[in-house]
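Undergrad: For reference, the structure I am asking about is given below.
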Amino acid sequence: MALTLTCPICGQRNGYEFRYGGEEKGPRPDEEGLSPEDWCDYVHLNKCVAGIQKEWWFHRDGCGAWFTTQRDTTVNLEVEQPEAQL
Amino acid sequence: MKRLTHLPTLRIDPSQEIPLKYNRRTYQGVHGDTVATALFANGVRILARSLKYHRPRGLYSLDGECSNTFMQVNAIPNVCTENTLLRRGMTVEAQNVKGTPETDRMGFMDKLDWAMPAGFYYRTLHKPARIWPLALKQVRKAAGLGVIAPDFEMKGKYDEIYPQADVCVIGGGPAGMSAARAAAAQGLRVILLESRPWLGGFFDYRPAEYHDGVPLYRRARELAQRLEETTNVRIFSHTAMVGAYNNNLITAFQQGGPGDHFDERYIEIRAVSVVVATGCIERPLLFENNERPGVMQIGCAHRLARTYGLLPGEQAVFSIGHDLGLEAAIDLFDLGLKVACVADIREDGQDPRLVDELAARKIPFWRGWVATRAHGKKTVTKVSLSTIPGTQQRDFGCDLLVASAGMTPVTGPLTLAQAQLQYDLHTGFFLPAQLPPKVHAAGRLLGLHDALAIEASGHLAGLEAAADCGVSVDADRQRARENLDSRPGPVRGCKLVLAPVKGRKSFICFDEDTTIKNIQQAIAMGFEATELIKRFTTAGTGPGQGGIPGHNLPLFVAQYLGEASVAAQPTVVRAPLVPTFLATYAGSHHDMCKRTPVHDSQKQAGGVMRRIGVWRRARYFSQDFSCREEIVNVRNNVGMLDASTLGKFRIWGPDALQALQRVYVSDMSKVSEGKVKYSAMCNDDGCIIDDGVVVKRGANDYYFTTSTARAGVTGEWFRYHTRYDGWNFSIVNLTDAFGVINLAGPNARQVLEKVADADVSNAAFPYIGYREFTIRDTIPVRAMRLGFVGELSYELHVPSSYMQALWDILAEAGRELNIRNFGVEAQNVLRMEKCHLIIGAESELRTTLHDVGLGFLWDRTKTAAKTVGAVALRQTAEQEGRLKLVGFKMEDPSRTPKDGSLIVDRAIRGYICIARHSFTLEEPVGLALVEAPLNQEGTRLEIFEDECGDRRLYAKVVPTPFYDPEGTRLRI
Ligand SMILES: [Zn+2]
């Protein structure tokens, strides 16, 4: 967690102030008619990209915002400014 | 030994003597000495014995490059005494010797090297397997470094700090100081790390001319003083940089001085930009017995005299490959050292002024000669020199051999920072071919030697770092670059690694006793990659962290294999770059915890406080940890409990209800004013993670509680599961803002009636009711009629600032009824009798809402809410093979099984979550998670207790709850 992350509210901060929230997978699917397999895929299957991925972070020791940012998983560095989420 | 006390370069105070106990004898050192230099001053030349061969070892370096000076200091083994400052009251002992280092009875091991070729352990000691125990025992006895006493306890004060900086400069020599100064002049916050106790680097001890008649040491002190006066530069001296991580996170360890509040301190720096100016160490010259005491590096010999006032010997031979060696020979000669001969590996390229100076002193100066063997059983008595091809040879008697192949850059920090290094044919250095963003290198590690060029290089790097911080320095940078270009560039380096010898006793790694012959053996066995040779021969894996073999190993391998040395790569280094105490990593170790507003009152009332999660809570109110009286009192009278640790939240806004619907399994639209609703939260797997109550305090305005453990993460949980929805609601954690007193027992109402400004009769305030009123006209109370402990009870939520007052009022009002406090353990038994769950005690990560019998809480019709866990709850509702929660009673009521005991038949079928003797039922009862069909009522459960041998306990599954199944006690 040596990397820094850029909170849309607080700016660039030490990575250990944040909690990882997983890969960006889109909104929760509709419950009606959802097969168990599709649900399991949504919750548990990850792409594990070797490269740049969009992902969620929570500013736990800060403002309490959830936001997405881009990280290069091969070097563990943030590569772009995050997108604010309200 | 007489000290040179008049030198202006000294870093010691000869007038302040410090006694030192070494191997049970007392010696005198002086203030500023390291442990090793103090011993050297007392004539101790053999400081240690080597790892495998028990060869004598002495002072060779001064910056911790090898384990030669490792000793046990104040019972701590493996302390590098060459850079550990001498302090009053130190007790020092030699390690890995039988007897003393002078007369080690294991010295015969040196003759057994033929029996221990490279990879000896791997190849010899694996079969037959039965020799292992014996071999292990003998090897352990004979080899290794220090030994730690089994009852050893680390003493001292350890601290940690986390400063931020615009620019972090690693290395406080001339380049580092110039870089720090340049960046600071731009108004930036600068941190400077220096591993020695003072700034100055390789200027610090040298009287040679800097410029215009000013000596180098004076220039260094000027630069240091100016930096110390610069308020935006924070200097950490005696601080070793040990790690570099992403986005310029730099870690370091600082040694505390006499005035510091710590013995050692962990420092973690976040910097925008980093300048690495770590300079050079010496590349050891390899020849036979190249580590015999009396052989030392140029810097070691020179600094012994100039920094510590100790002439390194009487009669010296120099075998060197760098101008610093010539300079040292001249200076040490002037200080009184006899110099028999200076042999320079280089045929040409020396500074002509230095050659003239040698001639002026009539010191024999031989170009193209090198030391091939140090003679002398324990210390050096004679040296053989030969020409580089080995065609001619001559011997000189001496007690000091200053030996060094040349300089080599300290590349560890650059490697940690992910810089790409490349072998440079001109300097013979591994130079940074590509630096990561916002990392700069400066000074001597780039091959520069000229003093002004080094400073110019530092200045430029400081400006580059300033530019990284967004300061506009283009013009300055241009001038700095021109200034650097006008100075002498990198000097040609000496490439020789091994003198013309076979190498049976030429040690490439001192720490691991690895010889050139071992490396050749490894190559003959097919190892060609340096990294593999390193591991097979263990060269460079010792505590010196490659300080001796780091660059010699790849260079030797490349030369030996006849490859273009361009391909040579230094072996990888990893953090920490220098050995560090685990105690320092552990830090100050504060026991940080929260206390409730009535902590002190409970303690005064006899509360036995225990750490529970982030809190300290009153677990018992007497020394009877069965809590009989506390429990009986709640069942029959009235008690009060501090429940302030409950998670407490307000959620409000137009979409608050939607958010509640998302995370709670019940239909939260049914939460109505004046009533408490109990519900639970699951994770996406349908596993229960929390339960609590929700009340509605107004339109779109709710107050709810969570378990103590979930108080810290519930806000995050709500926001995570609504992050795509853009809903308009606010959630605030009121856990610390509100305190809670649980007033419980059949007489609870009699107490509350006396103080509440409202009708609290059963009709006006029934079970599951929620009311807001004041107590004694003042204290605003949010009151819930709940029954966690199974009796009439009121949970009174008040602002934290009122908690003490409420506590005192209730205690006073209940006095005539003999109200008593009860603690967490009594509550635990009371609620267990009633089979009210504690999430985490009767559930685990794989326990679903259904498994604990709370499936009825889930409203399966509210699919539009996309409730967290609903999909999984649907799938697991009828799933077989799950652990189900059951109540049980014991066949033998005299025995209560331990929590966590296993339920078994031929396999493990479940476990006991909790079991206690119930004073109410007068027999033990408990709850267990068991596989179906063992959850059927009447099933006999076989209980396997920890360490019970063949004995088993037996229990029977019974209906729950054990106590008051109709729930009448809650409704009185
Ligand atoms: Zn933030």
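For the structure tokens, the naming scheme is as follows: chains receive sequential letters (A, B, ...) according to their order of presentation, residues are indexed from 1 within each chain, and ligands are indexed from 1 in presentation order.
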May I have a table of the residues of chain A lying at most 12 Å from ligand 1, giving each one's closest pair of atoms and their distance in Å to one decimal, counting only C-alpha atoms and all ligand atoms, ordered by chain and ascending residue number, as JSON lines?
TA:
```
{"residue": "A:Leu5", "atom": "CA", "partner": "ligand 1", "partner_atom_place_in_ligand_line": "1 (Zn)", "distance": 9.7}
{"residue": "A:Thr6", "atom": "CA", "partner": "ligand 1", "partner_atom_place_in_ligand_line": "1 (Zn)", "distance": 8.1}
{"residue": "A:Cys7", "atom": "CA", "partner": "ligand 1", "partner_atom_place_in_ligand_line": "1 (Zn)", "distance": 4.7}
{"residue": "A:Pro8", "atom": "CA", "partner": "ligand 1", "partner_atom_place_in_ligand_line": "1 (Zn)", "distance": 6.5}
{"residue": "A:Ile9", "atom": "CA", "partner": "ligand 1", "partner_atom_place_in_ligand_line": "1 (Zn)", "distance": 4.8}
{"residue": "A:Cys10", "atom": "CA", "partner": "ligand 1", "partner_atom_place_in_ligand_line": "1 (Zn)", "distance": 4.1}
{"residue": "A:Gly11", "atom": "CA", "partner": "ligand 1", "partner_atom_place_in_ligand_line": "1 (Zn)", "distance": 6.9}
{"residue": "A:Gln12", "atom": "CA", "partner": "ligand 1", "partner_atom_place_in_ligand_line": "1 (Zn)", "distance": 8.8}
{"residue": "A:Arg13", "atom": "CA", "partner": "ligand 1", "partner_atom_place_in_ligand_line": "1 (Zn)", "distance": 8.3}
{"residue": "A:Asn14", "atom": "CA", "partner": "ligand 1", "partner_atom_place_in_ligand_line": "1 (Zn)", "distance": 10.8}
{"residue": "A:Gly15", "atom": "CA", "partner": "ligand 1", "partner_atom_place_in_ligand_line": "1 (Zn)", "distance": 11.3}
{"residue": "A:Glu17", "atom": "CA", "partner": "ligand 1", "partner_atom_place_in_ligand_line": "1 (Zn)", "distance": 8.9}
{"residue": "A:Phe18", "atom": "CA", "partner": "ligand 1", "partner_atom_place_in_ligand_line": "1 (Zn)", "distance": 8.7}
{"residue": "A:Arg19", "atom": "CA", "partner": "ligand 1", "partner_atom_place_in_ligand_line": "1 (Zn)", "distance": 11.5}
{"residue": "A:Trp57", "atom": "CA", "partner": "ligand 1", "partner_atom_place_in_ligand_line": "1 (Zn)", "distance": 10.0}
{"residue": "A:Phe58", "atom": "CA", "partner": "ligand 1", "partner_atom_place_in_ligand_line": "1 (Zn)", "distance": 8.1}
{"residue": "A:His59", "atom": "CA", "partner": "ligand 1", "partner_atom_place_in_ligand_line": "1 (Zn)", "distance": 5.1}
{"residue": "A:Arg60", "atom": "CA", "partner": "ligand 1", "partner_atom_place_in_ligand_line": "1 (Zn)", "distance": 7.9}
{"residue": "A:Asp61", "atom": "CA", "partner": "ligand 1", "partner_atom_place_in_ligand_line": "1 (Zn)", "distance": 7.9}
{"residue": "A:Gly62", "atom": "CA", "partner": "ligand 1", "partner_atom_place_in_ligand_line": "1 (Zn)", "distance": 4.8}
{"residue": "A:Cys63", "atom": "CA", "partner": "ligand 1", "partner_atom_place_in_ligand_line": "1 (Zn)", "distance": 4.0}
{"residue": "A:Gly64", "atom": "CA", "partner": "ligand 1", "partner_atom_place_in_ligand_line": "1 (Zn)", "distance": 6.1}
{"residue": "A:Ala65", "atom": "CA", "partner": "ligand 1", "partner_atom_place_in_ligand_line": "1 (Zn)", "distance": 5.8}
{"residue": "A:Trp66", "atom": "CA", "partner": "ligand 1", "partner_atom_place_in_ligand_line": "1 (Zn)", "distance": 8.5}
{"residue": "A:Phe67", "atom": "CA", "partner": "ligand 1", "partner_atom_place_in_ligand_line": "1 (Zn)", "distance": 9.2}
{"residue": "A:Pro82", "atom": "CA", "partner": "ligand 1", "partner_atom_place_in_ligand_line": "1 (Zn)", "distance": 11.4}
{"residue": "A:Ala84", "atom": "CA", "partner": "ligand 1", "partner_atom_place_in_ligand_line": "1 (Zn)", "distance": 10.4}
{"residue": "A:Gln85", "atom": "CA", "partner": "ligand 1", "partner_atom_place_in_ligand_line": "1 (Zn)", "distance": 11.2}
{"residue": "A:Leu86", "atom": "CA", "partner": "ligand 1", "partner_atom_place_in_ligand_line": "1 (Zn)", "distance": 11.8}
```
Undergrad: Just want the 10 Å neighbourhood of Leu3 (chain A), counted on only C-alpha atoms, with same-chain residues fewer than 5 positions away dropped. Output as a ChimeraX atom specification.
TA: /A:13-16,71,75-78 /B:245-249,270
Undergrad: Export, as a PDB file, in the first residue's frame, the selected residues with N, CA, C and O atoms.
TA:
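Dumped everything to out_5.pdb:
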```pdb
ATOM      1  N   ARG A  13      -3.311  11.331  -1.401  1.00  0.00           N
ATOM      2  CA  ARG A  13      -3.055  10.932  -0.014  1.00  0.00           C
ATOM      3  C   ARG A  13      -2.369   9.564   0.008  1.00  0.00           C
ATOM      4  O   ARG A  13      -2.398   8.817  -0.972  1.00  0.00           O
ATOM      5  N   ASN A  14      -1.802   9.226   1.178  1.00  0.00           N
ATOM      6  CA  ASN A  14      -1.170   7.924   1.347  1.00  0.00           C
ATOM      7  C   ASN A  14      -2.169   6.796   1.130  1.00  0.00           C
ATOM      8  O   ASN A  14      -3.290   6.846   1.634  1.00  0.00           O
ATOM      9  N   GLY A  15      -1.734   5.754   0.438  1.00  0.00           N
ATOM     10  CA  GLY A  15      -2.625   4.657   0.094  1.00  0.00           C
ATOM     11  C   GLY A  15      -3.239   3.963   1.286  1.00  0.00           C
ATOM     12  O   GLY A  15      -4.358   3.452   1.210  1.00  0.00           O
ATOM     13  N   TYR A  16      -2.530   3.945   2.426  1.00  0.00           N
ATOM     14  CA  TYR A  16      -3.098   3.217   3.556  1.00  0.00           C
ATOM     15  C   TYR A  16      -4.226   3.954   4.250  1.00  0.00           C
ATOM     16  O   TYR A  16      -4.786   3.463   5.213  1.00  0.00           O
ATOM     17  N   ARG A  71      -5.742   2.236 -12.020  1.00  0.00           N
ATOM     18  CA  ARG A  71      -4.460   1.821 -11.446  1.00  0.00           C
ATOM     19  C   ARG A  71      -3.805   0.824 -12.384  1.00  0.00           C
ATOM     20  O   ARG A  71      -4.462  -0.059 -12.931  1.00  0.00           O
ATOM     21  N   VAL A  75       2.508  -2.203 -11.829  1.00  0.00           N
ATOM     22  CA  VAL A  75       3.465  -1.416 -11.051  1.00  0.00           C
ATOM     23  C   VAL A  75       2.826  -0.857  -9.779  1.00  0.00           C
ATOM     24  O   VAL A  75       3.487  -0.206  -8.981  1.00  0.00           O
ATOM     25  N   ASN A  76       1.543  -1.140  -9.599  1.00  0.00           N
ATOM     26  CA  ASN A  76       0.798  -0.650  -8.448  1.00  0.00           C
ATOM     27  C   ASN A  76       0.880   0.865  -8.315  1.00  0.00           C
ATOM     28  O   ASN A  76       1.237   1.390  -7.265  1.00  0.00           O
ATOM     29  N   LEU A  77       0.559   1.554  -9.386  1.00  0.00           N
ATOM     30  CA  LEU A  77       0.535   3.013  -9.361  1.00  0.00           C
ATOM     31  C   LEU A  77      -0.754   3.517  -9.986  1.00  0.00           C
ATOM     32  O   LEU A  77      -1.240   2.958 -10.974  1.00  0.00           O
ATOM     33  N   GLU A  78      -1.285   4.568  -9.392  1.00  0.00           N
ATOM     34  CA  GLU A  78      -2.454   5.223  -9.962  1.00  0.00           C
ATOM     35  C   GLU A  78      -2.011   5.922 -11.248  1.00  0.00           C
ATOM     36  O   GLU A  78      -0.938   6.522 -11.288  1.00  0.00           O
TER      37      GLU A  78
ATOM     38  N   TYR B 245       9.680   2.827  -1.912  1.00  0.00           N
ATOM     39  CA  TYR B 245       8.475   2.192  -2.421  1.00  0.00           C
ATOM     40  C   TYR B 245       7.760   3.138  -3.382  1.00  0.00           C
ATOM     41  O   TYR B 245       8.229   4.248  -3.640  1.00  0.00           O
ATOM     42  N   ASN B 246       6.601   2.697  -3.841  1.00  0.00           N
ATOM     43  CA  ASN B 246       5.878   3.452  -4.868  1.00  0.00           C
ATOM     44  C   ASN B 246       5.604   4.895  -4.465  1.00  0.00           C
ATOM     45  O   ASN B 246       5.392   5.191  -3.305  1.00  0.00           O
ATOM     46  N   ASN B 247       5.534   5.741  -5.471  1.00  0.00           N
ATOM     47  CA  ASN B 247       5.244   7.154  -5.264  1.00  0.00           C
ATOM     48  C   ASN B 247       6.179   7.774  -4.231  1.00  0.00           C
ATOM     49  O   ASN B 247       5.763   8.583  -3.396  1.00  0.00           O
ATOM     50  N   ASN B 248       7.436   7.354  -4.277  1.00  0.00           N
ATOM     51  CA  ASN B 248       8.458   7.947  -3.414  1.00  0.00           C
ATOM     52  C   ASN B 248       8.129   7.876  -1.927  1.00  0.00           C
ATOM     53  O   ASN B 248       8.166   8.871  -1.213  1.00  0.00           O
ATOM     54  N   LEU B 249       7.803   6.710  -1.480  1.00  0.00           N
ATOM     55  CA  LEU B 249       7.707   6.453  -0.048  1.00  0.00           C
ATOM     56  C   LEU B 249       9.082   5.924   0.386  1.00  0.00           C
ATOM     57  O   LEU B 249       9.522   4.883  -0.084  1.00  0.00           O
ATOM     58  N   ARG B 270       6.991  10.533   2.870  1.00  0.00           N
ATOM     59  CA  ARG B 270       6.363  10.630   1.552  1.00  0.00           C
ATOM     60  C   ARG B 270       6.894  11.902   0.908  1.00  0.00           C
ATOM     61  O   ARG B 270       6.693  12.991   1.432  1.00  0.00           O
TER      62      ARG B 270
END
```
Undergrad: Report the closest atom pair, with its distance in Å rounded to one decimal, for each residue of chain B that has an atom no farther than 10 Å from chain A; count only C-alpha atoms, sort by chain and then rising residue number, and write it as a tab-separated table.
TA:
```
residue	atom	partner	partner_atom	distance
B:Ala244	CA	A:Ala2	CA	9.1
B:Tyr245	CA	A:Ala2	CA	5.9
B:Asn246	CA	A:Leu3	CA	5.0
B:Asn247	CA	A:Leu3	CA	5.5
B:Asn248	CA	A:Leu3	CA	8.3
B:Leu249	CA	A:Ala2	CA	6.3
B:Ile250	CA	A:Ala2	CA	9.4
B:Arg270	CA	A:Asn14	CA	8.0
B:Asp684	CA	A:Val43	CA	7.2
B:Asp685	CA	A:Val43	CA	8.5
B:Gly712	CA	A:Arg60	CA	9.7
B:Val713	CA	A:Arg60	CA	8.9
B:Gly715	CA	A:Gly64	CA	8.1
B:Glu716	CA	A:Gly64	CA	7.0
B:Arg719	CA	A:Trp66	CA	7.2
B:Tyr720	CA	A:Trp66	CA	6.8
B:His721	CA	A:Arg28	CA	8.6
B:Thr722	CA	A:Pro27	CA	9.1
B:Arg723	CA	A:Trp66	CA	7.1
B:Tyr724	CA	A:Pro27	CA	5.7
B:Asp725	CA	A:Pro27	CA	8.1
B:Gly726	CA	A:Leu86	CA	6.4
B:Trp727	CA	A:Leu86	CA	8.5
B:Asn728	CA	A:Leu86	CA	9.0
B:Lys862	CA	A:Glu31	CA	9.6
B:Thr863	CA	A:Glu31	CA	5.8
B:Ala864	CA	A:Glu31	CA	7.1
B:Ala865	CA	A:Glu31	CA	8.5
B:Lys866	CA	A:Glu31	CA	5.8
B:Thr867	CA	A:Glu31	CA	8.5
B:Val868	CA	A:Arg28	CA	9.5
B:Ala870	CA	A:Glu31	CA	8.1
B:Val871	CA	A:Glu31	CA	6.7
B:Ala872	CA	A:Pro36	CA	7.8
B:Arg874	CA	A:Pro36	CA	9.4
B:Gln875	CA	A:Pro36	CA	7.3
```
Undergrad: Please extract the residues of region 747-961 of chain B with a backbone DSSP assignment of helix (DSSP H, G or I) and present them as a JSON list (two decimals) with N, CA and C atoms, in the first residue's frame.
TA:
```json
[["chain", "number", "residue", "atom", "x", "y", "z"],
["B", 748, "ALA", "N", -37.09, -2.83, 36.80],
["B", 748, "ALA", "CA", -36.52, -1.72, 36.04],
["B", 748, "ALA", "C", -37.47, -0.53, 35.98],
["B", 749, "ARG", "N", -38.76, -0.82, 35.83],
["B", 749, "ARG", "CA", -39.71, 0.28, 35.69],
["B", 749, "ARG", "C", -39.77, 1.12, 36.96],
["B", 750, "GLN", "N", -39.67, 0.44, 38.10],
["B", 750, "GLN", "CA", -39.72, 1.17, 39.37],
["B", 750, "GLN", "C", -38.61, 2.21, 39.47],
["B", 751, "VAL", "N", -37.48, 1.90, 38.85],
["B", 751, "VAL", "CA", -36.37, 2.86, 38.88],
["B", 751, "VAL", "C", -36.64, 3.99, 37.88],
["B", 752, "LEU", "N", -37.05, 3.60, 36.68],
["B", 752, "LEU", "CA", -37.22, 4.61, 35.63],
["B", 752, "LEU", "C", -38.34, 5.59, 35.97],
["B", 753, "GLU", "N", -39.42, 5.04, 36.53],
["B", 753, "GLU", "CA", -40.57, 5.88, 36.91],
["B", 753, "GLU", "C", -40.16, 7.06, 37.77],
["B", 754, "LYS", "N", -39.22, 6.82, 38.65],
["B", 754, "LYS", "CA", -38.83, 7.85, 39.60],
["B", 754, "LYS", "C", -38.19, 9.04, 38.92],
["B", 755, "VAL", "N", -37.56, 8.83, 37.78],
["B", 755, "VAL", "CA", -36.74, 9.90, 37.21],
["B", 755, "VAL", "C", -37.24, 10.40, 35.86],
["B", 800, "SER", "N", -23.54, 11.73, 24.92],
["B", 800, "SER", "CA", -22.43, 11.25, 25.75],
["B", 800, "SER", "C", -22.17, 12.15, 26.95],
["B", 801, "SER", "N", -22.35, 13.45, 26.74],
["B", 801, "SER", "CA", -22.05, 14.39, 27.82],
["B", 801, "SER", "C", -23.01, 14.21, 28.99],
["B", 802, "TYR", "N", -24.17, 13.59, 28.76],
["B", 802, "TYR", "CA", -25.13, 13.37, 29.85],
["B", 802, "TYR", "C", -24.97, 12.00, 30.50],
["B", 803, "MET", "N", -24.10, 11.18, 29.96],
["B", 803, "MET", "CA", -24.02, 9.80, 30.44],
["B", 803, "MET", "C", -23.70, 9.71, 31.93],
["B", 804, "GLN", "N", -22.73, 10.49, 32.36],
["B", 804, "GLN", "CA", -22.33, 10.42, 33.77],
["B", 804, "GLN", "C", -23.51, 10.80, 34.67],
["B", 805, "ALA", "N", -24.22, 11.87, 34.27],
["B", 805, "ALA", "CA", -25.35, 12.33, 35.08],
["B", 805, "ALA", "C", -26.43, 11.25, 35.13],
["B", 806, "LEU", "N", -26.74, 10.67, 34.00],
["B", 806, "LEU", "CA", -27.77, 9.64, 33.96],
["B", 806, "LEU", "C", -27.37, 8.43, 34.80],
["B", 807, "TRP", "N", -26.11, 8.05, 34.67],
["B", 807, "TRP", "CA", -25.58, 6.92, 35.43],
["B", 807, "TRP", "C", -25.79, 7.16, 36.94],
["B", 808, "ASP", "N", -25.42, 8.37, 37.39],
["B", 808, "ASP", "CA", -25.54, 8.69, 38.81],
["B", 808, "ASP", "C", -27.01, 8.74, 39.24],
["B", 809, "ILE", "N", -27.86, 9.32, 38.39],
["B", 809, "ILE", "CA", -29.29, 9.44, 38.71],
["B", 809, "ILE", "C", -29.91, 8.06, 38.87],
["B", 810, "LEU", "N", -29.61, 7.16, 37.93],
["B", 810, "LEU", "CA", -30.20, 5.81, 38.00],
["B", 810, "LEU", "C", -29.68, 5.04, 39.21],
["B", 811, "ALA", "N", -28.39, 5.20, 39.48],
["B", 811, "ALA", "CA", -27.81, 4.50, 40.63],
["B", 811, "ALA", "C", -28.47, 4.98, 41.90],
["B", 812, "GLU", "N", -28.69, 6.29, 41.98],
["B", 812, "GLU", "CA", -29.32, 6.89, 43.15],
["B", 812, "GLU", "C", -30.78, 6.42, 43.28],
["B", 813, "ALA", "N", -31.50, 6.50, 42.13],
["B", 813, "ALA", "CA", -32.91, 6.12, 42.16],
["B", 813, "ALA", "C", -33.10, 4.64, 42.49],
["B", 815, "ARG", "N", -31.15, 2.85, 44.41],
["B", 815, "ARG", "CA", -30.45, 2.41, 45.62],
["B", 815, "ARG", "C", -31.36, 1.62, 46.56],
["B", 816, "GLU", "N", -32.60, 2.11, 46.79],
["B", 816, "GLU", "CA", -33.46, 1.43, 47.76],
["B", 816, "GLU", "C", -33.87, 0.04, 47.26],
["B", 817, "LEU", "N", -33.75, -0.18, 45.94],
["B", 817, "LEU", "CA", -34.04, -1.52, 45.39],
["B", 817, "LEU", "C", -32.78, -2.39, 45.33],
["B", 824, "VAL", "N", -20.33, -7.26, 30.91],
["B", 824, "VAL", "CA", -20.51, -7.89, 29.60],
["B", 824, "VAL", "C", -20.68, -9.40, 29.71],
["B", 825, "GLU", "N", -19.96, -10.02, 30.68],
["B", 825, "GLU", "CA", -20.06, -11.47, 30.79],
["B", 825, "GLU", "C", -21.44, -11.88, 31.33],
["B", 826, "ALA", "N", -21.95, -11.15, 32.32],
["B", 826, "ALA", "CA", -23.30, -11.45, 32.84],
["B", 826, "ALA", "C", -24.32, -11.31, 31.71],
["B", 827, "GLN", "N", -24.19, -10.24, 30.94],
["B", 827, "GLN", "CA", -25.10, -10.03, 29.82],
["B", 827, "GLN", "C", -25.01, -11.19, 28.83],
["B", 828, "ASN", "N", -23.80, -11.68, 28.64],
["B", 828, "ASN", "CA", -23.56, -12.77, 27.71],
["B", 828, "ASN", "C", -24.33, -14.03, 28.14],
["B", 829, "VAL", "N", -24.30, -14.34, 29.43],
["B", 829, "VAL", "CA", -25.01, -15.52, 29.93],
["B", 829, "VAL", "C", -26.52, -15.29, 29.87],
["B", 830, "LEU", "N", -26.95, -14.11, 30.28],
["B", 830, "LEU", "CA", -28.38, -13.79, 30.30],
["B", 830, "LEU", "C", -28.99, -13.92, 28.90],
["B", 831, "ARG", "N", -28.32, -13.34, 27.92],
["B", 831, "ARG", "CA", -28.88, -13.38, 26.57],
["B", 831, "ARG", "C", -28.78, -14.78, 25.98],
["B", 832, "MET", "N", -27.76, -15.54, 26.40],
["B", 832, "MET", "CA", -27.63, -16.91, 25.91],
["B", 832, "MET", "C", -28.79, -17.77, 26.42],
["B", 833, "GLU", "N", -29.17, -17.56, 27.68],
["B", 833, "GLU", "CA", -30.32, -18.31, 28.22],
["B", 833, "GLU", "C", -31.58, -18.01, 27.40],
["B", 855, "GLY", "N", -34.15, -16.53, 9.33],
["B", 855, "GLY", "CA", -34.64, -16.39, 7.96],
["B", 855, "GLY", "C", -35.95, -15.62, 7.87],
["B", 856, "PHE", "N", -36.74, -15.68, 8.95],
["B", 856, "PHE", "CA", -38.03, -14.97, 8.94],
["B", 856, "PHE", "C", -37.87, -13.46, 8.81],
["B", 857, "LEU", "N", -36.70, -12.95, 9.12],
["B", 857, "LEU", "CA", -36.49, -11.49, 9.02],
["B", 857, "LEU", "C", -36.46, -11.03, 7.57],
["B", 863, "THR", "N", -37.88, -7.46, -4.09],
["B", 863, "THR", "CA", -36.79, -7.67, -5.05],
["B", 863, "THR", "C", -36.34, -6.36, -5.69],
["B", 864, "ALA", "N", -37.22, -5.40, -5.80],
["B", 864, "ALA", "CA", -36.84, -4.15, -6.45],
["B", 864, "ALA", "C", -35.78, -3.40, -5.66],
["B", 865, "ALA", "N", -35.70, -3.69, -4.37],
["B", 865, "ALA", "CA", -34.72, -2.99, -3.53],
["B", 865, "ALA", "C", -33.30, -3.48, -3.79],
["B", 870, "ALA", "N", -29.90, -10.87, -0.79],
["B", 870, "ALA", "CA", -31.19, -11.48, -1.09],
["B", 870, "ALA", "C", -31.06, -12.64, -2.09],
["B", 871, "VAL", "N", -30.23, -12.45, -3.10],
["B", 871, "VAL", "CA", -30.09, -13.50, -4.13],
["B", 871, "VAL", "C", -29.54, -14.77, -3.49],
["B", 872, "ALA", "N", -28.56, -14.60, -2.66],
["B", 872, "ALA", "CA", -27.97, -15.77, -2.01],
["B", 872, "ALA", "C", -28.92, -16.38, -0.99],
["B", 873, "LEU", "N", -29.70, -15.54, -0.31],
["B", 873, "LEU", "CA", -30.66, -16.08, 0.66],
["B", 873, "LEU", "C", -31.69, -16.97, -0.04],
["B", 874, "ARG", "N", -32.09, -16.56, -1.24],
["B", 874, "ARG", "CA", -33.04, -17.35, -2.00],
["B", 874, "ARG", "C", -32.41, -18.71, -2.34],
["B", 875, "GLN", "N", -31.15, -18.66, -2.72],
["B", 875, "GLN", "CA", -30.48, -19.91, -3.14],
["B", 875, "GLN", "C", -30.18, -20.85, -1.98],
["B", 876, "THR", "N", -29.98, -20.29, -0.79],
["B", 876, "THR", "CA", -29.53, -21.14, 0.32],
["B", 876, "THR", "C", -30.67, -21.51, 1.26]]
```
Undergrad: From the options B:His797, B:Thr514, B:Glu327, B:Pro549, which residue's atoms come nearest to Phe649 (chain B), counting only C-alpha atoms?
TA: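 Distance minimum relative to Phe649 (chain B) lands on B:His797.
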Undergrad: Taking only C-alpha atoms into account, which of B:Arg218, B:Lys534, B:Arg662, B:Lys648 comes nearest Ala522 (chain B)?
TA: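 For Ala522 (chain B), the nearest of the candidates is B:Lys534.
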Undergrad: As a PyMOL selection string, please: all residues of region 72-301 of chain B that backbone DSSP puts in strand (DSSP E or B).
TA: chain B and resi 72-73+76-80+85+91-93+158-161+164-170+190-193+209-211+214-215+233-236+239-245+249-255+264-276+280-283+286+288+295-296
